[in-house]
Structures are given as structure tokens and as C-alpha cells.
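Next comes data20.tsv, with TSV, C-alpha atoms.
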```tsv
chain	number	residue	atom	x	y	z
A	1040	MET	CA	0.00	0.00	0.00
A	1041	ALA	CA	1.40	3.34	-1.00
A	1042	ALA	CA	2.19	5.82	1.77
A	1043	LYS	CA	-0.34	8.35	0.50
A	1044	ASP	CA	-3.14	5.81	0.87
A	1045	SER	CA	-2.16	4.76	4.37
A	1046	PRO	CA	-5.05	4.94	6.86
A	1047	LEU	CA	-2.62	6.63	9.22
A	1048	LYS	CA	-1.96	9.47	6.80
A	1049	GLN	CA	-4.89	11.39	8.31
A	1050	PHE	CA	-2.90	11.72	11.54
A	1051	GLU	CA	0.03	13.44	9.91
A	1052	ILE	CA	0.75	16.96	11.02
A	1053	ASP	CA	1.16	19.63	8.39
A	1054	PRO	CA	2.47	23.04	9.37
A	1055	ILE	CA	0.26	25.89	8.16
A	1056	SER	CA	2.79	28.55	9.05
A	1057	ASN	CA	6.30	27.92	10.34
A	1058	ILE	CA	7.07	29.65	13.63
A	1059	GLU	CA	10.21	29.23	15.69
A	1060	LEU	CA	10.65	30.47	19.24
A	1061	GLY	CA	13.89	30.17	21.20
A	1062	GLY	CA	15.13	27.40	18.95
A	1063	TYR	CA	11.89	25.40	19.28
A	1064	ASN	CA	9.60	24.67	16.39
A	1065	ILE	CA	6.16	25.94	17.41
A	1066	SER	CA	4.64	25.99	13.94
A	1067	PHE	CA	0.93	26.58	13.67
A	1068	THR	CA	-0.24	23.24	12.26
A	1069	ASN	CA	-3.48	21.56	11.24
A	1070	SER	CA	-3.59	20.20	14.79
A	1071	SER	CA	-3.37	23.74	16.20
A	1072	PHE	CA	-6.04	24.81	13.71
A	1073	ALA	CA	-8.38	22.07	14.96
A	1074	MET	CA	-7.76	23.25	18.53
A	1075	LEU	CA	-8.52	26.81	17.46
A	1076	ILE	CA	-11.80	25.72	15.84
A	1077	THR	CA	-12.67	23.72	18.96
A	1078	VAL	CA	-12.01	26.63	21.30
A	1079	LEU	CA	-13.93	29.02	19.06
A	1080	VAL	CA	-16.92	26.69	18.81
A	1081	ILE	CA	-17.05	26.22	22.60
A	1082	THR	CA	-16.55	29.85	23.58
A	1083	LEU	CA	-18.88	31.27	20.94
A	1084	PHE	CA	-21.60	28.71	21.58
A	1085	LEU	CA	-21.54	29.04	25.35
A	1086	THR	CA	-21.41	32.83	25.14
A	1087	LEU	CA	-23.89	33.59	22.40
A	1088	THR	CA	-26.57	31.13	23.45
A	1089	VAL	CA	-26.67	32.54	26.95
A	1090	ASN	CA	-26.43	36.14	25.73
A	1091	THR	CA	-30.06	36.98	26.45
A	1092	ARG	CA	-29.87	35.41	29.92
A	1093	SER	CA	-33.58	34.62	29.62
A	1094	ILE	CA	-35.35	32.87	32.45
A	1095	ILE	CA	-37.26	30.81	29.92
A	1096	PRO	CA	-34.38	29.47	27.81
A	1097	SER	CA	-34.27	29.15	24.06
A	1098	ARG	CA	-33.34	25.72	22.70
A	1099	MET	CA	-29.72	26.72	22.25
A	1100	GLN	CA	-29.51	28.24	25.71
A	1101	LEU	CA	-31.00	25.03	27.05
A	1102	ILE	CA	-28.16	23.04	25.49
A	1103	SER	CA	-25.59	25.20	27.28
A	1104	GLU	CA	-27.48	24.86	30.53
A	1105	LEU	CA	-27.77	21.10	30.12
A	1106	MET	CA	-24.02	20.82	29.60
A	1107	TYR	CA	-23.42	22.99	32.64
A	1108	ASN	CA	-25.78	20.94	34.78
A	1109	PHE	CA	-24.41	17.66	33.41
A	1110	ILE	CA	-20.88	18.41	34.60
A	1111	ALA	CA	-22.04	20.13	37.79
A	1112	GLN	CA	-24.07	17.02	38.63
A	1113	LEU	CA	-21.17	14.74	37.78
A	1114	LEU	CA	-18.85	16.71	40.01
A	1115	SER	CA	-21.24	16.92	42.95
A	1116	ASP	CA	-22.04	13.20	42.68
A	1117	THR	CA	-18.42	12.11	42.73
A	1118	VAL	CA	-16.63	14.76	44.80
A	1119	GLY	CA	-19.43	16.50	46.71
A	1120	ASP	CA	-19.32	20.10	47.88
A	1121	ASN	CA	-15.52	20.28	47.61
A	1122	GLY	CA	-15.85	19.76	43.88
A	1123	LYS	CA	-17.39	23.15	43.12
A	1124	ARG	CA	-13.96	24.82	43.01
A	1125	TYR	CA	-12.81	22.52	40.20
A	1126	PHE	CA	-15.95	22.92	38.14
A	1127	PRO	CA	-14.44	25.38	35.59
A	1128	PHE	CA	-11.47	23.09	35.04
A	1129	VAL	CA	-13.47	19.87	34.67
A	1130	PHE	CA	-15.99	21.63	32.47
A	1131	SER	CA	-13.24	23.04	30.22
A	1132	LEU	CA	-11.62	19.63	30.02
A	1133	PHE	CA	-14.88	17.90	29.14
A	1134	MET	CA	-15.84	20.48	26.52
A	1135	PHE	CA	-12.34	20.55	25.01
A	1136	VAL	CA	-12.21	16.79	24.60
A	1137	LEU	CA	-15.86	16.48	23.53
A	1138	ILE	CA	-15.78	19.21	20.89
A	1139	GLY	CA	-12.25	18.16	19.84
A	1140	ASN	CA	-13.59	14.66	19.18
A	1141	MET	CA	-16.66	16.04	17.40
A	1142	VAL	CA	-14.61	18.39	15.21
A	1143	GLY	CA	-12.54	15.33	14.30
A	1144	MET	CA	-15.69	13.62	13.00
A	1145	ILE	CA	-15.98	16.24	10.25
A	1146	PRO	CA	-14.46	14.73	7.10
A	1147	TYR	CA	-10.96	16.00	6.25
A	1148	GLN	CA	-10.77	17.66	9.65
A	1149	PHE	CA	-7.86	16.81	11.91
A	1150	THR	CA	-8.52	15.06	15.24
A	1151	PHE	CA	-6.10	16.43	17.83
A	1152	THR	CA	-7.33	13.99	20.50
A	1153	SER	CA	-5.89	11.17	18.39
A	1154	HIS	CA	-2.39	12.36	19.27
A	1155	ILE	CA	-0.88	10.78	22.35
A	1156	ILE	CA	1.17	13.86	23.12
A	1157	VAL	CA	-1.99	15.99	23.43
A	1158	THR	CA	-3.98	13.52	25.51
A	1159	PHE	CA	-0.96	12.78	27.65
A	1160	ALA	CA	-0.43	16.47	28.31
A	1161	LEU	CA	-4.04	16.83	29.42
A	1162	ALA	CA	-3.81	13.70	31.58
A	1163	ALA	CA	-0.52	14.91	33.06
A	1164	VAL	CA	-2.12	18.22	34.04
A	1165	VAL	CA	-4.84	16.27	35.82
A	1166	PHE	CA	-2.37	13.88	37.45
A	1167	ILE	CA	0.04	16.55	38.66
A	1168	GLY	CA	-2.79	18.80	39.79
A	1169	VAL	CA	-4.46	16.01	41.75
A	1170	THR	CA	-1.18	14.95	43.35
A	1171	ILE	CA	-0.44	18.51	44.46
A	1172	LEU	CA	-4.01	18.77	45.74
A	1173	GLY	CA	-3.55	15.57	47.74
A	1174	PHE	CA	-0.39	16.91	49.40
A	1175	ILE	CA	-2.09	20.26	50.13
A	1176	ASN	CA	-5.03	18.54	51.77
A	1177	HIS	CA	-3.23	15.78	53.67
A	1178	GLY	CA	0.45	16.72	53.75
A	1179	ILE	CA	2.73	13.76	54.25
A	1180	LYS	CA	-0.31	11.63	55.17
A	1181	PHE	CA	-1.13	11.53	51.47
A	1182	PHE	CA	1.22	8.54	51.25
A	1183	THR	CA	-1.27	6.51	53.33
A	1184	PHE	CA	-3.27	6.50	50.09
A	1185	PHE	CA	-1.12	3.54	49.07
A	1186	TYR	CA	-1.80	1.70	52.33
A	1187	ILE	CA	-4.97	-0.34	52.19
A	1188	PRO	CA	-6.51	-0.81	55.64
A	1189	GLY	CA	-8.01	-4.11	56.74
A	1190	VAL	CA	-5.53	-6.28	54.81
A	1191	PRO	CA	-3.24	-8.83	56.54
A	1192	PHE	CA	0.12	-7.14	57.29
A	1193	TYR	CA	2.15	-9.62	55.23
A	1194	MET	CA	0.22	-8.56	52.12
A	1195	HIS	CA	1.43	-4.96	52.33
A	1196	PRO	CA	4.85	-5.52	50.74
A	1197	LEU	CA	2.96	-6.77	47.73
A	1198	LEU	CA	0.02	-4.37	47.75
A	1199	ILE	CA	1.83	-1.08	48.34
A	1200	PRO	CA	3.97	-1.37	45.17
A	1201	ILE	CA	0.85	-2.35	43.23
A	1202	GLU	CA	-0.96	0.71	44.53
A	1203	VAL	CA	1.97	2.98	43.70
A	1204	ILE	CA	2.24	1.58	40.19
A	1205	SER	CA	-1.49	1.89	39.61
A	1206	TYR	CA	-1.37	5.47	40.84
A	1207	LEU	CA	1.57	6.34	38.61
A	1208	SER	CA	-0.05	4.70	35.61
A	1209	ARG	CA	-3.14	6.86	35.91
A	1210	PRO	CA	-1.99	9.53	33.43
A	1211	ILE	CA	-0.94	6.81	31.02
A	1212	SER	CA	-4.24	4.92	31.18
A	1213	LEU	CA	-6.19	8.19	31.01
A	1214	SER	CA	-4.33	9.45	27.95
A	1215	VAL	CA	-3.95	6.14	26.12
A	1216	ARG	CA	-7.67	5.35	26.53
A	1217	LEU	CA	-8.70	8.51	24.70
A	1218	PHE	CA	-5.87	8.40	22.16
A	1219	ALA	CA	-6.39	4.72	21.29
A	1220	ASN	CA	-10.14	5.09	20.90
A	1221	MET	CA	-9.76	8.01	18.52
A	1222	LEU	CA	-6.91	6.38	16.60
A	1223	ALA	CA	-8.74	3.08	16.19
A	1224	GLY	CA	-12.05	4.66	15.21
A	1225	HIS	CA	-10.61	6.97	12.60
A	1226	THR	CA	-8.31	4.29	11.19
A	1227	LEU	CA	-11.22	1.89	10.87
A	1228	LEU	CA	-13.30	4.53	9.10
A	1229	LYS	CA	-10.44	5.21	6.71
A	1230	VAL	CA	-9.86	1.50	6.01
A	1231	PHE	CA	-13.50	0.93	5.15
A	1232	ALA	CA	-13.57	4.11	3.11
A	1233	GLY	CA	-10.72	2.55	1.10
A	1234	PHE	CA	-12.87	-0.56	0.55
A	1235	VAL	CA	-15.71	1.55	-0.85
A	1236	VAL	CA	-13.43	2.75	-3.61
A	1237	SER	CA	-11.52	-0.46	-4.29
A	1238	MET	CA	-14.39	-2.99	-4.32
A	1239	PRO	CA	-15.75	-3.95	-7.77
A	1240	PHE	CA	-19.10	-2.88	-9.22
A	1241	PHE	CA	-21.70	-1.86	-6.67
A	1242	THR	CA	-20.46	-4.03	-3.83
A	1243	GLY	CA	-18.87	-0.87	-2.45
A	1244	VAL	CA	-22.23	0.07	-0.93
A	1245	PHE	CA	-21.71	-2.52	1.82
A	1246	PRO	CA	-18.61	-0.92	3.32
A	1247	LEU	CA	-20.32	2.44	2.76
A	1248	ALA	CA	-23.30	1.33	4.85
A	1249	PHE	CA	-20.85	0.09	7.44
A	1250	ILE	CA	-19.15	3.50	7.48
A	1251	VAL	CA	-22.50	5.20	8.08
A	1252	ALA	CA	-23.19	2.94	11.06
A	1253	LEU	CA	-19.62	3.31	12.29
A	1254	THR	CA	-19.87	7.10	12.11
A	1255	GLY	CA	-22.82	6.93	14.49
A	1256	LEU	CA	-20.82	4.70	16.79
A	1257	GLU	CA	-17.83	7.04	16.58
A	1258	ILE	CA	-19.97	10.01	17.59
A	1259	LEU	CA	-21.16	8.00	20.57
A	1260	ILE	CA	-17.55	7.13	21.43
A	1261	ALA	CA	-16.55	10.78	21.02
A	1262	PHE	CA	-19.04	11.69	23.70
A	1263	LEU	CA	-18.31	8.66	25.84
A	1264	GLN	CA	-14.56	9.27	25.91
A	1265	ALA	CA	-15.04	12.90	26.88
A	1266	TYR	CA	-17.37	11.73	29.62
A	1267	VAL	CA	-14.92	9.09	30.81
A	1268	PHE	CA	-12.11	11.65	30.83
A	1269	ALA	CA	-14.23	14.03	32.91
A	1270	ILE	CA	-15.54	11.43	35.34
A	1271	LEU	CA	-12.08	9.96	35.95
A	1272	THR	CA	-10.77	13.45	36.63
A	1273	CYS	CA	-13.60	13.86	39.15
A	1274	LEU	CA	-12.76	10.55	40.79
A	1275	TYR	CA	-9.09	11.49	41.05
A	1276	ILE	CA	-10.02	14.83	42.64
A	1277	ASN	CA	-12.21	12.90	45.06
A	1278	ASP	CA	-9.28	10.63	45.95
A	1279	ALA	CA	-7.21	13.70	46.75
A	1280	TYR	CA	-9.84	14.67	49.36
A	1281	HIS	CA	-10.84	11.31	50.76
A	1282	LEU	CA	-7.86	9.00	50.73
A	1283	HIS	CA	-9.46	5.64	51.45
B	773	MET	CA	2.83	6.29	13.00
B	774	PRO	CA	2.74	10.12	12.87
B	775	GLN	CA	1.79	10.30	16.55
B	776	LEU	CA	5.20	9.09	17.60
B	777	ASN	CA	7.13	11.54	15.44
B	778	PRO	CA	8.63	14.02	17.92
B	779	GLU	CA	9.09	16.71	15.27
B	780	PHE	CA	5.91	18.57	16.23
B	781	PHE	CA	5.68	17.61	19.92
B	782	VAL	CA	6.77	21.03	21.11
B	783	SER	CA	4.46	22.78	18.69
B	784	GLN	CA	1.49	20.65	19.77
B	785	LEU	CA	2.21	21.18	23.45
B	786	PHE	CA	2.68	24.90	22.94
B	787	TRP	CA	-0.60	25.41	21.09
B	788	LEU	CA	-2.44	23.06	23.41
B	789	ALA	CA	-1.25	25.13	26.36
B	790	VAL	CA	-2.25	28.36	24.62
B	791	PHE	CA	-5.71	27.24	23.54
B	792	PHE	CA	-6.58	25.23	26.61
B	793	THR	CA	-5.48	28.01	28.93
B	794	PHE	CA	-7.51	30.50	26.92
B	795	LEU	CA	-10.53	28.19	26.96
B	796	PHE	CA	-10.22	27.57	30.69
B	797	VAL	CA	-9.87	31.24	31.59
B	798	PHE	CA	-12.65	32.30	29.24
B	799	LEU	CA	-15.10	29.69	30.52
B	800	TRP	CA	-14.12	30.32	34.12
B	801	ARG	CA	-14.43	34.09	33.89
B	802	VAL	CA	-17.08	34.68	31.24
B	803	SER	CA	-19.25	31.77	30.12
B	804	LEU	CA	-19.79	29.79	33.28
B	805	PRO	CA	-20.68	32.78	35.50
B	806	ARG	CA	-23.25	33.78	32.87
B	807	ILE	CA	-24.89	30.37	32.87
B	808	ALA	CA	-24.69	30.28	36.66
B	809	THR	CA	-26.45	33.66	36.86
B	810	VAL	CA	-29.21	32.47	34.58
B	811	LEU	CA	-29.70	29.27	36.57
B	812	GLU	CA	-29.64	31.17	39.83
B	813	LYS	CA	-32.07	33.75	38.52
B	814	ARG	CA	-34.42	30.99	37.43
B	815	GLN	CA	-34.13	29.21	40.76
B	816	ASN	CA	-34.86	32.46	42.58
B	817	LYS	CA	-37.85	33.07	40.36
B	818	ILE	CA	-39.14	29.56	41.00
B	819	ASP	CA	-38.62	29.91	44.75
B	820	GLU	CA	-40.31	33.30	44.68
B	821	ASN	CA	-43.28	31.95	42.76
B	822	LEU	CA	-43.53	28.96	45.06
B	823	SER	CA	-43.49	31.08	48.17
B	824	SER	CA	-46.01	33.53	46.76
B	825	ALA	CA	-48.20	30.61	45.71
B	826	LYS	CA	-48.01	29.26	49.25
B	827	GLU	CA	-48.90	32.66	50.63
B	828	LEU	CA	-51.85	32.97	48.28
B	829	GLN	CA	-53.00	29.51	49.23
B	830	GLU	CA	-52.89	30.43	52.89
B	831	GLN	CA	-54.83	33.59	52.18
B	832	ALA	CA	-57.39	31.63	50.19
B	833	MET	CA	-57.77	29.15	53.05
B	834	GLU	CA	-58.26	32.00	55.49
B	835	ILE	CA	-60.91	33.56	53.27
B	836	GLU	CA	-62.61	30.21	52.90
B	837	LYS	CA	-62.67	29.84	56.65
B	838	LYS	CA	-64.16	33.29	57.01
B	839	ILE	CA	-66.80	32.50	54.43
B	840	ASN	CA	-67.69	29.26	56.17
B	841	ASP	CA	-67.91	31.05	59.50
B	842	GLN	CA	-70.18	33.65	58.02
B	843	ILE	CA	-72.34	31.00	56.37
B	844	ASN	CA	-72.70	29.17	59.69
B	845	LYS	CA	-73.48	32.39	61.45
B	846	ALA	CA	-76.04	33.33	58.83
B	847	LYS	CA	-77.62	29.87	59.11
B	848	LEU	CA	-77.91	30.23	62.89
B	849	GLU	CA	-79.37	33.71	62.52
B	850	THR	CA	-81.86	32.52	59.93
B	851	ASN	CA	-82.97	29.66	62.15
B	852	GLU	CA	-83.44	32.08	65.01
B	853	LYS	CA	-85.42	34.44	62.81
B	854	ILE	CA	-87.59	31.60	61.54
B	855	LYS	CA	-88.32	30.49	65.09
B	856	GLU	CA	-89.10	34.02	66.17
B	857	THR	CA	-91.40	34.56	63.24
B	858	ILE	CA	-93.17	31.28	63.85
B	859	ASN	CA	-93.64	32.16	67.52
B	860	ALA	CA	-94.87	35.64	66.69
B	861	LEU	CA	-97.29	34.26	64.13
B	862	GLN	CA	-98.58	31.66	66.55
B	863	GLU	CA	-99.12	34.31	69.21
B	864	ASP	CA	-100.86	36.54	66.73
B	865	VAL	CA	-103.11	33.75	65.51
B	866	SER	CA	-104.01	32.62	69.02
B	867	SER	CA	-104.75	36.16	70.13
B	868	GLN	CA	-106.87	36.74	67.07
B	869	ILE	CA	-108.67	33.47	67.70
B	870	SER	CA	-109.33	34.40	71.29
B	871	SER	CA	-110.55	37.86	70.36
B	872	LEU	CA	-112.82	36.29	67.77
B	873	ASP	CA	-114.08	33.89	70.42
B	874	LYS	CA	-114.84	36.80	72.73
B	875	ASP	CA	-116.54	38.67	69.96
B	876	LEU	CA	-118.65	35.70	69.11
B	877	GLU	CA	-119.55	35.06	72.73
B	878	LYS	CA	-120.59	38.67	73.10
B	879	LYS	CA	-122.65	38.55	69.95
B	880	VAL	CA	-124.26	35.31	71.07
B	881	SER	CA	-125.11	36.71	74.49
B	882	ASP	CA	-126.41	39.93	72.91
B	883	ALA	CA	-128.59	37.96	70.60
B	884	GLU	CA	-129.87	35.88	73.48
B	885	LYS	CA	-130.72	39.00	75.43
B	886	GLU	CA	-132.54	40.47	72.48
B	887	ILE	CA	-134.43	37.29	71.94
B	888	LEU	CA	-135.45	37.26	75.61
B	889	LYS	CA	-136.43	40.88	75.45
B	890	SER	CA	-138.52	40.45	72.34
B	891	LYS	CA	-140.04	37.36	73.93
B	892	ASP	CA	-141.02	39.41	76.95
B	893	ASP	CA	-142.41	42.15	74.73
B	894	GLN	CA	-144.38	39.62	72.81
B	895	MET	CA	-145.67	38.16	76.03
B	896	LYS	CA	-146.85	41.61	77.17
B	897	ASN	CA	-148.58	42.18	73.86
B	898	ILE	CA	-150.16	38.77	74.17
B	899	ASN	CA	-151.68	39.86	77.52
B	900	ASN	CA	-153.20	42.96	75.95
B	901	GLU	CA	-154.55	40.99	72.99
B	902	ILE	CA	-155.99	38.43	75.29
B	903	VAL	CA	-157.66	41.23	77.34
B	904	ASN	CA	-159.08	42.84	74.19
B	905	ILE	CA	-160.32	39.58	72.67
B	906	THR	CA	-161.82	38.49	75.95
B	907	LYS	CA	-163.53	41.86	76.43
B	908	LEU	CA	-164.97	41.76	72.90
B	909	THR	CA	-166.05	38.13	73.17
B	910	VAL	CA	-167.64	38.58	76.60
B	911	GLY	CA	-169.34	41.88	75.50
B	912	LYS	CA	-170.82	40.27	72.40
B	913	ILE	CA	-172.12	37.26	74.24
B	914	THR	CA	-173.24	38.68	77.56
B	915	ASP	CA	-173.34	42.41	77.39
B	916	ILE	CA	-171.17	42.44	80.50
B	917	GLU	CA	-168.56	45.12	80.59
B	918	LEU	CA	-165.35	43.67	82.06
B	919	SER	CA	-162.72	45.94	83.48
B	920	ASP	CA	-159.11	45.58	82.34
B	921	ASN	CA	-157.82	45.07	85.89
B	922	GLU	CA	-160.07	42.14	86.54
B	923	LEU	CA	-159.15	40.49	83.31
B	924	ASN	CA	-155.47	41.03	83.91
B	925	LYS	CA	-155.76	39.40	87.34
B	926	VAL	CA	-157.42	36.39	85.84
B	927	ILE	CA	-154.88	36.12	83.06
B	928	GLU	CA	-152.01	36.38	85.51
B	929	THR	CA	-153.41	33.55	87.60
B	930	GLN	CA	-154.00	31.44	84.51
B	931	LYS	CA	-150.53	32.14	83.18
B	932	GLY	CA	-149.09	31.01	86.45
B	933	SER	CA	-150.73	27.63	86.01
B	934	TYR	CA	-149.27	27.32	82.46
B	935	ASN	CA	-145.87	28.36	83.26
```

Rendering of file as C-alpha cells:
Amino acid sequence: MAAKDSPLKQFEIDPISNIELGGYNISFTNSSFAMLITVLVITLFLTLTVNTRSIIPSRMQLISELMYNFIAQLLSDTVGDNGKRYFPFVFSLFMFVLIGNMVGMIPYQFTFTSHIIVTFALAAVVFIGVTILGFINHGIKFFTFFYIPGVPFYMHPLLIPIEVISYLSRPISLSVRLFANMLAGHTLLKVFAGFVVSMPFFTGVFPLAFIVALTGLEILIAFLQAYVFAILTCLYINDAYHLH
Amino acid sequence: MPQLNPEFFVSQLFWLAVFFTFLFVFLWRVSLPRIATVLEKRQNKIDENLSSAKELQEQAMEIEKKINDQINKAKLETNEKIKETINALQEDVSSQISSLDKDLEKKVSDAEKEILKSKDDQMKNINNEIVNITKLTVGKITDIELSDNELNKVIETQKGSYN
């Protein structure tokens, strides 16, 4: 298969304008452009729909309010009253991932959440933030997080390393989950799109029908992954407050 | 796999930081407070309406109670009035009946008296007629002139035997 037909070609980054700062290449790329679109969509939508601030909402205002309440509910269910302070962050994270995934569903549009470096950066922010939060709340006692009470003492040499490893792998699992889902979904779509073209006569309609169904599934996954990212962030914040 | 090509890692991280920070600050400072205000405003409005509805309900219940009280009072008053009226009517009727009775009694006794009087008068007239007839009859038959006193005496004695 030629390189230009590779299903992974869609993930290639093309610089739109080359910028260099302090010896680093910070070119504005198609990935950056997708982020820009995402941020514009979110900010404009959430600002313009609530512009009238009407007590009886319009349909669009209702969507914004539903999103607001969805994350507010999620945060209060998992963290409780302490969670209110992190609402803007969790909401931004959820919207950024959700709309980033959705923008990626537009044909020929780049999906920045399919890049491990992006998802890992987001997950690292969550991980580092939560760890700092845990130390602020509990000081040195935060290390008791790795100690599971009610377990026979001879199990601790085994369990504590497991707990530490599972804690340290959180940013990896968080970022790889999102990245892998996006990568797999888009690759699959591209592979079947290739079948539509290469299959003889009218048999190409079968992979086409499959693509239509898969697109629906991908939109569901786009939402689901954003939700999972947000809810795991909430759970981690909760852990930083209530150790075990 | 383009994802593992470190050529654009710095660029991606840089723009991610720029856009995500912008998004976070914008939502935190502008969008979310707006939505929160709207939701709060709505909640306040709902609470206000609920409390005013409760107040109105209480007022309505109070008014209903008042109305019921007044209806009960009016019923009691009406019953009283009806009783009073019935009593007054009964008194009136009985007094009228008794006055009618008296009237009738008086009329009856008056009539009796009149009847007795006329009877007496008739009886006196009868005496005179008897005297006249007797005088005429005795004069025609015997040519004896009888005096009225003598005849009256005889009649009185005879009447006594009839009575």
C-alpha cells in the first residue's frame, strides 16, 4: 500500500505557518487549527446562546445549561461540595475533549485527540494537579493513600507497590484510553472508506453502509470518551480529598 | 505512525497550552458565570413563585374559613329568625282566635238577650190581645162590661198555672 493511501496518513501533522521560538519549532499546524476551531466553537456557543440570559431558555440556551448541569451534577455526585472549586477546570476539560472529538468527526478535519502527546499532556495536568491537591489537603499523610486498611500485614509488601504503580499509571491509562479510541475509530473509518473505492461494481455500498453505522458509533464514542475523561478526573479529585 | 514523530511535539504542546489556557480562563471568567447567573435567577424566580403561591393559598384558606364562619353564622341567625317569626305568628293567631271567640260570645249573648227581650215584649202584647179579645167576646155574648184590671188578674193567675 502506498504511503499516500495509508489509513494513518490522516494523523500526519502539516504546518500551516512555520514559527520558531527560542530554537523550538512551534509551527501553527493543522492540529493547532483544529484546537482553534474547537475553542472558538465552545466559547462562541456558550457565550452567544446565553447572551439573552432569559429565564425561559431558548433551545440553544437550554443546550448550554444542560451541559453545565451535566458536569455540575457529575462533580457533585463524585466529589461533593468540595468539587465546586474545580468545576471550571473539569468543564473546560470535558468540553475541550468532547468538541475536539466532534470536530474530528468532520471529514478531512484533523482530530487532535488522536495524538498521544496531546492527551498525555491533558492527563498529566490532571495527574500533577491532583497529586499537588492531595499533598495540600493531607500533607505527608497523602502517602497513606497507598496503604490499604483491613488487609493482613504480610500482604502490604505486595500491595503497596501495586498501589503505587497503579497510581503512577493513571496519566498513562487516562491518555492512552482517549488516544487509542480516537486512533482506532478513525483508522477503521479510513480502512472501510478505502474498501468503498476499491471494491468492484456496486459491492462498495456494503462498506459504505458500514461507514455510516460506524460514524454513528464514533460520535457515541466521542461523547463517551469525553465523559470518561471528565468522570475519571472527578474521581481522582475525590481521591485527593478522601484518601481511602 | 505520525503520533510518535517528535518533530511537532513542542508545537502541539505549545498550542495546546495556549488554547486550553484561553478556553479555561474564558469559561471560568465569562461563560460559566453567565450560565450560573441564569440558573440562579431561574431558581430564585421559581422559589419566589412557590413562596407567593403558598402565601396565596394560605390567604385563600383564610378567606374560605371566614366565608364558612359567616355562612354558619347566617344559618344560625336565619334559624333564630324563623323560630321568632313562627312564635310571633302563633301568638298573633291565638290572640286573634281568642278575640274572635270573645266577639262571638258577646254577639251570642247579645242575641240571646234580644231574643229574651222580644219574647217578653211579645208576652206583654199577648196579655193585651188576650184582654181585648176576651172583652170583645164577653161583650158580644153577655153584654157584661169587664174591666181591664179584673181580666189582667185572671190572666195572671192562669198564666201562672201554664208556666

With a distance cut-off of 12 Å and all atoms listed in the file, select the neighbouring residues of range 805-809 of chain B, excluding the residue or stretch itself and same-chain residues fewer than 6 positions from it, and output the selection as a count of residues only.
30

Under the rule of at most 7 Å, produce a per-residue listing of chain B near chain A: chain, number, name, the closest pair of atoms, and the distance in Å, as a Markdown table, using all atoms listed in the file.
```
| residue | atom | partner | partner_atom | distance |
| --- | --- | --- | --- | --- |
| B:Met773 | CA | A:Leu1047 | CA | 6.6 |
| B:Pro774 | CA | A:Glu1051 | CA | 5.2 |
| B:Gln775 | CA | A:His1154 | CA | 5.4 |
| B:Phe781 | CA | A:Ile1156 | CA | 6.7 |
| B:Val782 | CA | A:Ile1065 | CA | 6.2 |
| B:Ser783 | CA | A:Ile1065 | CA | 3.8 |
| B:Gln784 | CA | A:Ser1071 | CA | 6.8 |
| B:Leu785 | CA | A:Val1157 | CA | 6.7 |
| B:Phe786 | CA | A:Ile1065 | CA | 6.6 |
| B:Trp787 | CA | A:Ser1071 | CA | 5.9 |
| B:Phe791 | CA | A:Leu1075 | CA | 6.7 |
| B:Leu795 | CA | A:Val1078 | CA | 6.1 |
| B:Phe796 | CA | A:Ser1131 | CA | 5.5 |
| B:Leu799 | CA | A:Pro1127 | CA | 6.7 |
| B:Trp800 | CA | A:Pro1127 | CA | 5.2 |
| B:Ser803 | CA | A:Thr1086 | CA | 5.5 |
| B:Arg806 | CA | A:Val1089 | CA | 6.9 |
| B:Ile807 | CA | A:Glu1104 | CA | 6.5 |
| B:Val810 | CA | A:Arg1092 | CA | 5.5 |
| B:Lys813 | CA | A:Ile1094 | CA | 7.0 |
| B:Arg814 | CA | A:Ile1094 | CA | 5.4 |
```

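A straight line drawn from CA of Ile1276 in chain A to CA of Ile1179 in chain A is 17.3 Å long.
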
One number please: CA of Ile1138 in chain A to CA of Ser1212 in chain A, in Å, one decimal.
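Pair CA of Ile1138 in chain A / CA of Ser1212 in chain A returns 21.1 Å.
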
One number please: CA of Leu804 in chain B to CA of Gly1143 in chain A, in Å, one decimal.
24.9 Å

Pick out the residues sitting within 12 Å of range 916-930 of chain B, and hand them over as a list in words; count only C-alpha atoms, and ignore anything fewer than 2 positions along from it in its own chain.
Met895, Lys896, Ile898, Asn899, Asn900, Glu901, Ile902, Val903, Asn904, Ile905, Thr906, Lys907, Leu908, Thr909, Val910, Gly911, Lys912, Ile913, Thr914, Gly932, Ser933, Tyr934 and Asn935 of chain B

Output of the above residues as a PDB file, in the coordinates of the input, restricted to C-alpha atoms:
```pdb
ATOM      1  CA  MET B 895    -145.670  38.160  76.030  1.00  0.00           C
ATOM      2  CA  LYS B 896    -146.850  41.610  77.170  1.00  0.00           C
ATOM      3  CA  ILE B 898    -150.160  38.770  74.170  1.00  0.00           C
ATOM      4  CA  ASN B 899    -151.680  39.860  77.520  1.00  0.00           C
ATOM      5  CA  ASN B 900    -153.200  42.960  75.950  1.00  0.00           C
ATOM      6  CA  GLU B 901    -154.550  40.990  72.990  1.00  0.00           C
ATOM      7  CA  ILE B 902    -155.990  38.430  75.290  1.00  0.00           C
ATOM      8  CA  VAL B 903    -157.660  41.230  77.340  1.00  0.00           C
ATOM      9  CA  ASN B 904    -159.080  42.840  74.190  1.00  0.00           C
ATOM     10  CA  ILE B 905    -160.320  39.580  72.670  1.00  0.00           C
ATOM     11  CA  THR B 906    -161.820  38.490  75.950  1.00  0.00           C
ATOM     12  CA  LYS B 907    -163.530  41.860  76.430  1.00  0.00           C
ATOM     13  CA  LEU B 908    -164.970  41.760  72.900  1.00  0.00           C
ATOM     14  CA  THR B 909    -166.050  38.130  73.170  1.00  0.00           C
ATOM     15  CA  VAL B 910    -167.640  38.580  76.600  1.00  0.00           C
ATOM     16  CA  GLY B 911    -169.340  41.880  75.500  1.00  0.00           C
ATOM     17  CA  LYS B 912    -170.820  40.270  72.400  1.00  0.00           C
ATOM     18  CA  ILE B 913    -172.120  37.260  74.240  1.00  0.00           C
ATOM     19  CA  THR B 914    -173.240  38.680  77.560  1.00  0.00           C
ATOM     20  CA  GLY B 932    -149.090  31.010  86.450  1.00  0.00           C
ATOM     21  CA  SER B 933    -150.730  27.630  86.010  1.00  0.00           C
ATOM     22  CA  TYR B 934    -149.270  27.320  82.460  1.00  0.00           C
ATOM     23  CA  ASN B 935    -145.870  28.360  83.260  1.00  0.00           C
TER      24      ASN B 935
END
```
